[in-house]
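Worksheet: the structure to be examined is printed underneath.
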Amino acid sequence: MNIDFLDSIKEESSVLSVEDEYITKVIEKGKPLQASLEDMAQILGDAVEIRPFEDVEKLFAPEAPGAVFCFTENEGKQRKFALVRGRTVYEAEVCAEVLKKAAEIEIKAECLGGTKPLSALNCKIMREKYLNSYSKKEGLYEEMQRTSCKGKANKEENLYGAGALTWALADAREKLVEYGLKLQAWDLVQGTWGNLSVRISEEIMLCTPSGISYDKLKPEDMTAVNIFTDKMLPNFGTSVGVKETSESIMHTEIYRKRNDVGSIIHTHSKYASVFAAAEKGFADGNIGISEYASAGTHELAIKVAEALGDSSAVIMAHHGMAAVGENLVDAFDMAGAVEREAENQIKFGRK
């Protein structure tokens, strides 16, 4: 990443300087970058302003992450860059990645007619949710690992006998860790966004937890959820204090409607997100787009499942993409295939 540490304004707070071609292009357009994807709305707010460098200090609230586009003049030469601030180094780095992605999507979506901004009210709600709840989960998780809870997990039930459920859970836990890291390595997710699940039985799925980055996940952090009640099952060997992904209800809705689906992957991959930000599906109709609804809601779950239908993937408006498969390998392959096709359509035109 082309990121340099610029300053440490206070304890556990970091500011980074970010430069790339898409940030430069956004600044040259001369207009604030409005949030068209929920990850930007959550971590950076409804818009990122453009300001002379000497004016930026007052735009940074010390209690919250944020960003501003900057320019400086020196002997007739102008430098264009962004400053991002996080309450921790990790959060600042995630802010930088989200901002770079948002700037690139803004430029790339021009071939689709441009991005469609989220409403200021939706952005405010998501931002408050992130600051008050979601962003604190990883810190709580790390603290838990340093306390007496370290290494402990809830007692695992064996409701199916003969060790079948125990084996299925153990295998799925390992694979979810493995494929979470693959999503990260293939740049299909940023930070803790995105999620994966595996159907263990007709009524149980195992999914990634909320608010923990993929490189920190352990097999015992995976959470079991009842597909028919949407409730987390506490006695299935899951680490104490860990909660299911905030999008678990979307996974259960798809499993209820699709008996052929054994795994689901939700990504925030870059090229699929261009379509999500522009509210467009693929031109050939093979991959549709769901109507927008707020993240983590039952309304979103219903809209995504309906738009998915009997296909293998769907673009989620202002959010990302969901891919399904008979197993985790198939779902991952489909997520990758959708991202490659999205890239081709952006680069060579929708046909």
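Please note that chains go A, B, ... in the order of the structure tokens, that every chain numbers its residues from 1, and that ligands are numbered from 1 in the order shown.
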Would you mind listing, for every residue of stretch 157-242 of chain A within 12 Å of stretch 261-265 of chain A, the two atoms forming the shortest contact and the distance between them in Å to one decimal, using only C-alpha atoms, sorted by chain and ascending residue number, as CSV?
residue,atom,partner,partner_atom,distance
A:Ala172,CA,A:Ser263,CA,10.2
A:Lys175,CA,A:Ser263,CA,11.2
A:Leu176,CA,A:Ile265,CA,10.1
A:Tyr179,CA,A:Ile265,CA,9.5
A:Gly180,CA,A:Ile265,CA,9.4
A:Lys182,CA,A:Ile265,CA,11.7
A:Leu183,CA,A:Ile265,CA,9.3
A:Leu188,CA,A:Ile265,CA,10.3
A:Val189,CA,A:Ile265,CA,10.6
A:Trp193,CA,A:Ile265,CA,11.4
A:Gly194,CA,A:Ile265,CA,7.7
A:Asn195,CA,A:Ile265,CA,6.0
A:Leu196,CA,A:Ile265,CA,4.5
A:Ser197,CA,A:Ile264,CA,5.3
A:Val198,CA,A:Ser263,CA,4.4
A:Arg199,CA,A:Gly262,CA,5.0
A:Ile200,CA,A:Gly262,CA,8.0
A:Ser201,CA,A:Gly262,CA,9.1
A:Glu202,CA,A:Gly262,CA,9.8
A:Glu203,CA,A:Gly262,CA,11.7
A:Ile204,CA,A:Gly262,CA,10.9
A:Met205,CA,A:Ser263,CA,8.8
A:Leu206,CA,A:Ser263,CA,9.4
A:Cys207,CA,A:Ile264,CA,9.1
A:Thr208,CA,A:Ile265,CA,10.1
Output file for the residues above (C-alpha atoms, as a PDB file, in the first residue's frame):
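In the end it all went to again_29.pdb:
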ATOM      1  CA  ALA A 172     -16.458 -26.833   8.784  1.00  0.00           C
ATOM      2  CA  LYS A 175     -12.552 -24.762   6.303  1.00  0.00           C
ATOM      3  CA  LEU A 176     -14.194 -21.466   7.271  1.00  0.00           C
ATOM      4  CA  TYR A 179     -11.492 -19.781   3.108  1.00  0.00           C
ATOM      5  CA  GLY A 180     -11.759 -16.596   5.151  1.00  0.00           C
ATOM      6  CA  LYS A 182      -8.437 -16.939   0.952  1.00  0.00           C
ATOM      7  CA  LEU A 183     -11.045 -14.192   0.651  1.00  0.00           C
ATOM      8  CA  LEU A 188     -12.438 -10.050  -1.995  1.00  0.00           C
ATOM      9  CA  VAL A 189     -13.002  -8.478   1.431  1.00  0.00           C
ATOM     10  CA  TRP A 193     -16.523  -7.041   6.298  1.00  0.00           C
ATOM     11  CA  GLY A 194     -17.954  -9.994   4.419  1.00  0.00           C
ATOM     12  CA  ASN A 195     -18.888 -13.389   5.852  1.00  0.00           C
ATOM     13  CA  LEU A 196     -19.052 -17.110   5.112  1.00  0.00           C
ATOM     14  CA  SER A 197     -21.279 -19.978   6.189  1.00  0.00           C
ATOM     15  CA  VAL A 198     -21.651 -23.737   5.783  1.00  0.00           C
ATOM     16  CA  ARG A 199     -24.834 -25.776   6.240  1.00  0.00           C
ATOM     17  CA  ILE A 200     -24.095 -28.497   8.811  1.00  0.00           C
ATOM     18  CA  SER A 201     -27.514 -30.139   8.805  1.00  0.00           C
ATOM     19  CA  GLU A 202     -31.056 -29.346   7.742  1.00  0.00           C
ATOM     20  CA  GLU A 203     -31.461 -27.001  10.691  1.00  0.00           C
ATOM     21  CA  ILE A 204     -27.930 -25.820  11.605  1.00  0.00           C
ATOM     22  CA  MET A 205     -25.415 -23.625   9.849  1.00  0.00           C
ATOM     23  CA  LEU A 206     -21.934 -22.616  10.973  1.00  0.00           C
ATOM     24  CA  CYS A 207     -20.858 -19.068  10.119  1.00  0.00           C
ATOM     25  CA  THR A 208     -18.063 -16.585  10.719  1.00  0.00           C
TER      26      THR A 208
END
Quiz item: Among stretch 105-304 of chain A, which ones does DSSP place in alpha helix (DSSP H), written as number ranges by chain?
Solution: A: 105-108, 120-132, 137-146, 164-185, 248-257, 270-278, 298-304
Residue selection dump (C-alpha atoms) as a PDB file, in the first residue's frame:
ATOM      1  CA  ILE A 105     -15.309   2.491  -7.666  1.00  0.00           C
ATOM      2  CA  GLU A 106     -16.422   6.089  -8.183  1.00  0.00           C
ATOM      3  CA  ILE A 107     -14.235   6.356 -11.290  1.00  0.00           C
ATOM      4  CA  LYS A 108     -14.864   2.844 -12.643  1.00  0.00           C
ATOM      5  CA  ALA A 120     -27.720  10.985   4.306  1.00  0.00           C
ATOM      6  CA  LEU A 121     -30.130   9.412   6.810  1.00  0.00           C
ATOM      7  CA  ASN A 122     -29.050   5.865   5.954  1.00  0.00           C
ATOM      8  CA  CYS A 123     -25.419   6.894   6.222  1.00  0.00           C
ATOM      9  CA  LYS A 124     -26.006   8.479   9.625  1.00  0.00           C
ATOM     10  CA  ILE A 125     -27.713   5.348  10.965  1.00  0.00           C
ATOM     11  CA  MET A 126     -24.946   3.050   9.703  1.00  0.00           C
ATOM     12  CA  ARG A 127     -22.223   5.352  10.972  1.00  0.00           C
ATOM     13  CA  GLU A 128     -23.716   5.444  14.473  1.00  0.00           C
ATOM     14  CA  LYS A 129     -24.095   1.661  14.473  1.00  0.00           C
ATOM     15  CA  TYR A 130     -20.456   1.247  13.501  1.00  0.00           C
ATOM     16  CA  LEU A 131     -19.162   3.683  16.135  1.00  0.00           C
ATOM     17  CA  ASN A 132     -21.391   2.439  18.956  1.00  0.00           C
ATOM     18  CA  LYS A 137     -16.222  -5.943  18.777  1.00  0.00           C
ATOM     19  CA  GLU A 138     -12.685  -6.720  17.671  1.00  0.00           C
ATOM     20  CA  GLY A 139     -11.258  -4.772  20.608  1.00  0.00           C
ATOM     21  CA  LEU A 140     -13.504  -6.712  22.986  1.00  0.00           C
ATOM     22  CA  TYR A 141     -12.451  -9.955  21.316  1.00  0.00           C
ATOM     23  CA  GLU A 142      -8.758  -9.143  21.770  1.00  0.00           C
ATOM     24  CA  GLU A 143      -9.332  -8.200  25.393  1.00  0.00           C
ATOM     25  CA  MET A 144     -11.150 -11.479  25.957  1.00  0.00           C
ATOM     26  CA  GLN A 145      -8.135 -13.353  24.598  1.00  0.00           C
ATOM     27  CA  ARG A 146      -5.944 -11.663  27.210  1.00  0.00           C
ATOM     28  CA  ALA A 164     -21.390 -37.126  13.104  1.00  0.00           C
ATOM     29  CA  LEU A 165     -22.215 -33.581  14.183  1.00  0.00           C
ATOM     30  CA  THR A 166     -18.935 -33.223  16.051  1.00  0.00           C
ATOM     31  CA  TRP A 167     -16.973 -34.236  12.957  1.00  0.00           C
ATOM     32  CA  ALA A 168     -19.009 -31.984  10.651  1.00  0.00           C
ATOM     33  CA  LEU A 169     -18.550 -29.002  12.975  1.00  0.00           C
ATOM     34  CA  ALA A 170     -14.803 -29.560  13.320  1.00  0.00           C
ATOM     35  CA  ASP A 171     -14.329 -29.895   9.561  1.00  0.00           C
ATOM     36  CA  ALA A 172     -16.458 -26.833   8.784  1.00  0.00           C
ATOM     37  CA  ARG A 173     -14.653 -24.718  11.407  1.00  0.00           C
ATOM     38  CA  GLU A 174     -11.288 -25.445   9.819  1.00  0.00           C
ATOM     39  CA  LYS A 175     -12.552 -24.762   6.303  1.00  0.00           C
ATOM     40  CA  LEU A 176     -14.194 -21.466   7.271  1.00  0.00           C
ATOM     41  CA  VAL A 177     -10.880 -20.252   8.688  1.00  0.00           C
ATOM     42  CA  GLU A 178      -9.075 -21.415   5.537  1.00  0.00           C
ATOM     43  CA  TYR A 179     -11.492 -19.781   3.108  1.00  0.00           C
ATOM     44  CA  GLY A 180     -11.759 -16.596   5.151  1.00  0.00           C
ATOM     45  CA  LEU A 181      -8.016 -16.186   4.667  1.00  0.00           C
ATOM     46  CA  LYS A 182      -8.437 -16.939   0.952  1.00  0.00           C
ATOM     47  CA  LEU A 183     -11.045 -14.192   0.651  1.00  0.00           C
ATOM     48  CA  GLN A 184      -8.558 -11.822   2.240  1.00  0.00           C
ATOM     49  CA  ALA A 185      -5.653 -13.015   0.060  1.00  0.00           C
ATOM     50  CA  SER A 248     -26.542 -14.367   9.547  1.00  0.00           C
ATOM     51  CA  ILE A 249     -30.232 -13.758   8.861  1.00  0.00           C
ATOM     52  CA  MET A 250     -29.443 -13.388   5.147  1.00  0.00           C
ATOM     53  CA  HIS A 251     -27.688 -16.752   5.181  1.00  0.00           C
ATOM     54  CA  THR A 252     -30.551 -18.505   6.971  1.00  0.00           C
ATOM     55  CA  GLU A 253     -33.116 -16.979   4.583  1.00  0.00           C
ATOM     56  CA  ILE A 254     -31.232 -18.365   1.587  1.00  0.00           C
ATOM     57  CA  TYR A 255     -30.825 -21.786   3.202  1.00  0.00           C
ATOM     58  CA  ARG A 256     -34.558 -21.933   3.933  1.00  0.00           C
ATOM     59  CA  LYS A 257     -35.407 -21.157   0.314  1.00  0.00           C
ATOM     60  CA  LYS A 270     -14.043  -4.435  -5.787  1.00  0.00           C
ATOM     61  CA  TYR A 271     -15.518  -5.015  -9.243  1.00  0.00           C
ATOM     62  CA  ALA A 272     -18.761  -6.526  -7.979  1.00  0.00           C
ATOM     63  CA  SER A 273     -19.003  -3.484  -5.707  1.00  0.00           C
ATOM     64  CA  VAL A 274     -18.828  -1.198  -8.760  1.00  0.00           C
ATOM     65  CA  PHE A 275     -22.089  -2.785  -9.922  1.00  0.00           C
ATOM     66  CA  ALA A 276     -23.506  -2.578  -6.387  1.00  0.00           C
ATOM     67  CA  ALA A 277     -22.687   1.138  -6.152  1.00  0.00           C
ATOM     68  CA  ALA A 278     -24.248   1.794  -9.550  1.00  0.00           C
ATOM     69  CA  HIS A 298     -34.686  -9.114   7.678  1.00  0.00           C
ATOM     70  CA  GLU A 299     -35.769  -6.879   4.802  1.00  0.00           C
ATOM     71  CA  LEU A 300     -32.312  -7.207   3.237  1.00  0.00           C
ATOM     72  CA  ALA A 301     -32.340 -10.972   3.726  1.00  0.00           C
ATOM     73  CA  ILE A 302     -35.674 -11.316   1.912  1.00  0.00           C
ATOM     74  CA  LYS A 303     -34.649  -9.029  -0.944  1.00  0.00           C
ATOM     75  CA  VAL A 304     -31.343 -10.841  -1.492  1.00  0.00           C
TER      76      VAL A 304
END
Exercise. Do a neighbour search on stretch 89-96 of chain A at 8 Å with only C-alpha atoms, toss out local chain neighbours closer than 3 positions, and write the hits as a list in words.
Key: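 Selected residues are Glu12, Ser13, Ser14, Val15, Leu16, Val18, Ile43, Leu44, Pro65, Gly66, Ala67, Val84, Arg85, Gly86, Leu99, Lys100, Gln190 and Gly191 of chain A.
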Quiz item: Which one of A:Ala295, A:Leu233, A:Val329, A:Ala224 sits closest to A:Gln42 if you count only C-alpha atoms?
Solution: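 Among the listed residues, the smallest separation from A:Gln42 belongs to A:Ala295.
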Practice problem: Go ahead and compute the interatomic distance for atom CA of A:Glu49 and atom CA of A:Cys70, in Å to one decimal. | Solution: 8.5 Å
Exercise. Pull the strand (DSSP E) assignments for stretch 238-344 of chain A out of DSSP run on the backbone, and list those residues as a PyMOL selection string.
Key: chain A and resi 263-267+289-290+313-316+320-325
Output N, CA and C atoms of each residue in that selection to a file, as an mmCIF file, in the first residue's frame.
data_model
loop_
_atom_site.group_PDB
_atom_site.id
_atom_site.type_symbol
_atom_site.label_atom_id
_atom_site.label_comp_id
_atom_site.auth_asym_id
_atom_site.auth_seq_id
_atom_site.Cartn_x
_atom_site.Cartn_y
_atom_site.Cartn_z
ATOM 1 N N SER A 263 -23.425 -23.834 1.084
ATOM 2 C CA SER A 263 -22.487 -22.823 1.566
ATOM 3 C C SER A 263 -22.799 -21.481 0.916
ATOM 4 N N ILE A 264 -22.541 -20.402 1.662
ATOM 5 C CA ILE A 264 -22.795 -19.040 1.182
ATOM 6 C C ILE A 264 -21.591 -18.174 1.523
ATOM 7 N N ILE A 265 -21.176 -17.348 0.556
ATOM 8 C CA ILE A 265 -20.096 -16.389 0.795
ATOM 9 C C ILE A 265 -20.584 -15.005 0.389
ATOM 10 N N HIS A 266 -20.469 -14.073 1.302
ATOM 11 C CA HIS A 266 -20.807 -12.671 1.028
ATOM 12 C C HIS A 266 -19.510 -11.875 0.994
ATOM 13 N N THR A 267 -19.240 -11.207 -0.138
ATOM 14 C CA THR A 267 -18.000 -10.458 -0.279
ATOM 15 C C THR A 267 -18.268 -8.977 -0.537
ATOM 16 N N ILE A 289 -29.520 -8.011 -9.468
ATOM 17 C CA ILE A 289 -29.219 -7.153 -8.330
ATOM 18 C C ILE A 289 -30.434 -7.079 -7.417
ATOM 19 N N SER A 290 -30.187 -7.149 -6.129
ATOM 20 C CA SER A 290 -31.272 -7.043 -5.153
ATOM 21 C C SER A 290 -31.572 -5.581 -4.872
ATOM 22 N N ALA A 313 -25.429 -16.524 -7.777
ATOM 23 C CA ALA A 313 -24.861 -15.307 -7.193
ATOM 24 C C ALA A 313 -25.801 -14.147 -7.439
ATOM 25 N N VAL A 314 -25.626 -13.098 -6.656
ATOM 26 C CA VAL A 314 -26.443 -11.896 -6.807
ATOM 27 C C VAL A 314 -25.641 -10.692 -6.336
ATOM 28 N N ILE A 315 -25.793 -9.561 -7.045
ATOM 29 C CA ILE A 315 -25.226 -8.295 -6.598
ATOM 30 C C ILE A 315 -26.179 -7.699 -5.574
ATOM 31 N N MET A 316 -25.638 -7.168 -4.486
ATOM 32 C CA MET A 316 -26.437 -6.564 -3.424
ATOM 33 C C MET A 316 -26.261 -5.044 -3.503
ATOM 34 N N GLY A 320 -22.513 -5.242 -1.813
ATOM 35 C CA GLY A 320 -21.490 -6.173 -2.262
ATOM 36 C C GLY A 320 -22.098 -7.268 -3.118
ATOM 37 N N MET A 321 -21.735 -8.501 -2.816
ATOM 38 C CA MET A 321 -22.191 -9.640 -3.620
ATOM 39 C C MET A 321 -22.307 -10.875 -2.732
ATOM 40 N N ALA A 322 -23.247 -11.751 -3.060
ATOM 41 C CA ALA A 322 -23.385 -13.036 -2.372
ATOM 42 C C ALA A 322 -23.308 -14.148 -3.401
ATOM 43 N N ALA A 323 -22.536 -15.190 -3.085
ATOM 44 C CA ALA A 323 -22.403 -16.357 -3.960
ATOM 45 C C ALA A 323 -22.736 -17.607 -3.170
ATOM 46 N N VAL A 324 -23.346 -18.580 -3.840
ATOM 47 C CA VAL A 324 -23.745 -19.809 -3.158
ATOM 48 C C VAL A 324 -23.202 -21.008 -3.922
ATOM 49 N N GLY A 325 -23.145 -22.138 -3.229
ATOM 50 C CA GLY A 325 -22.688 -23.364 -3.865
ATOM 51 C C GLY A 325 -23.086 -24.577 -3.060
#
Quiz item: Given the choices A:Glu38, A:Ser17, A:Arg340, A:Ala47, which gets closest to A:Leu83 if the distance is worked out from only C-alpha atoms?
Solution: A:Ser17
Exercise. Would you work out the distance separating atom CA of A:Gly30 from atom CA of A:Pro117, expressed in Å to one decimal?
Key: 16.6 Å
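Taking only C-alpha atoms, the non-local environment of A:Asn74 within 12 Å (same-chain residues fewer than 5 positions away omitted) comprises Phe53, Arg79 and Lys80 of chain A.
Here atom CA of A:Lys280 stands at a distance of 22.6 Å from atom CA of A:Pro32.
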Quiz item: Which one is closest to A:Glu306: A:Arg258, A:Ser246, A:Trp186, A:Gly336? Count only C-alpha atoms.
Solution: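 Selected residue with least distance to A:Glu306: A:Arg258.
Counting only C-alpha atoms, A:Asp20 has the following residues at most 12 Å away, ignoring those fewer than 5 positions along the same chain: A:Met1, A:Asn2, A:Ile3, A:Lys25, A:Val26, A:Ile27, A:Phe69, A:Arg79, A:Lys80, A:Phe81, A:Ala82, A:Ala96, A:Glu97, A:Leu99, A:Lys100, A:Lys101, A:Ala103, A:Glu104.
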Let me see the file: selected residues, N, CA and C atoms, as a tab-separated table (two decimals), in the first residue's frame.
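Everything below was put into again22.tsv:
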chain	number	residue	atom	x	y	z
A	1	MET	N	0.84	-1.18	0.00
A	1	MET	CA	0.00	0.00	0.00
A	1	MET	C	0.88	1.24	0.00
A	2	ASN	N	0.47	2.27	-0.74
A	2	ASN	CA	1.22	3.51	-0.78
A	2	ASN	C	0.75	4.41	0.36
A	3	ILE	N	1.10	4.01	1.58
A	3	ILE	CA	0.64	4.69	2.78
A	3	ILE	C	1.83	4.98	3.67
A	25	LYS	N	-7.85	11.38	-9.22
A	25	LYS	CA	-8.94	11.64	-10.16
A	25	LYS	C	-10.18	12.18	-9.45
A	26	VAL	N	-10.48	11.64	-8.27
A	26	VAL	CA	-11.63	12.14	-7.51
A	26	VAL	C	-11.41	13.59	-7.12
A	27	ILE	N	-10.22	13.93	-6.65
A	27	ILE	CA	-9.92	15.31	-6.27
A	27	ILE	C	-10.03	16.22	-7.49
A	69	PHE	N	-9.96	14.60	1.59
A	69	PHE	CA	-9.07	14.76	0.45
A	69	PHE	C	-8.34	16.10	0.58
A	79	ARG	N	0.08	18.87	-5.12
A	79	ARG	CA	0.06	17.48	-4.67
A	79	ARG	C	-1.35	17.15	-4.20
A	80	LYS	N	-1.85	16.02	-4.65
A	80	LYS	CA	-3.21	15.59	-4.30
A	80	LYS	C	-3.12	14.27	-3.54
A	81	PHE	N	-3.78	14.19	-2.37
A	81	PHE	CA	-3.71	13.01	-1.53
A	81	PHE	C	-4.88	13.02	-0.57
A	82	ALA	N	-4.96	12.01	0.25
A	82	ALA	CA	-6.00	11.94	1.28
A	82	ALA	C	-5.35	11.69	2.63
A	96	ALA	N	-8.11	3.56	5.20
A	96	ALA	CA	-7.36	3.84	3.98
A	96	ALA	C	-7.79	2.90	2.86
A	97	GLU	N	-7.93	1.61	3.16
A	97	GLU	CA	-8.33	0.65	2.14
A	97	GLU	C	-9.75	0.93	1.64
A	99	LEU	N	-11.32	3.83	1.67
A	99	LEU	CA	-11.33	5.06	0.89
A	99	LEU	C	-10.75	4.84	-0.50
A	100	LYS	N	-9.64	4.10	-0.60
A	100	LYS	CA	-9.05	3.81	-1.90
A	100	LYS	C	-10.04	3.04	-2.78
A	101	LYS	N	-10.70	2.07	-2.18
A	101	LYS	CA	-11.69	1.29	-2.92
A	101	LYS	C	-12.85	2.18	-3.38
A	103	ALA	N	-12.88	5.41	-3.93
A	103	ALA	CA	-12.44	6.31	-4.99
A	103	ALA	C	-12.34	5.57	-6.33
A	104	GLU	N	-11.79	4.37	-6.30
A	104	GLU	CA	-11.66	3.59	-7.53
A	104	GLU	C	-13.03	3.24	-8.09
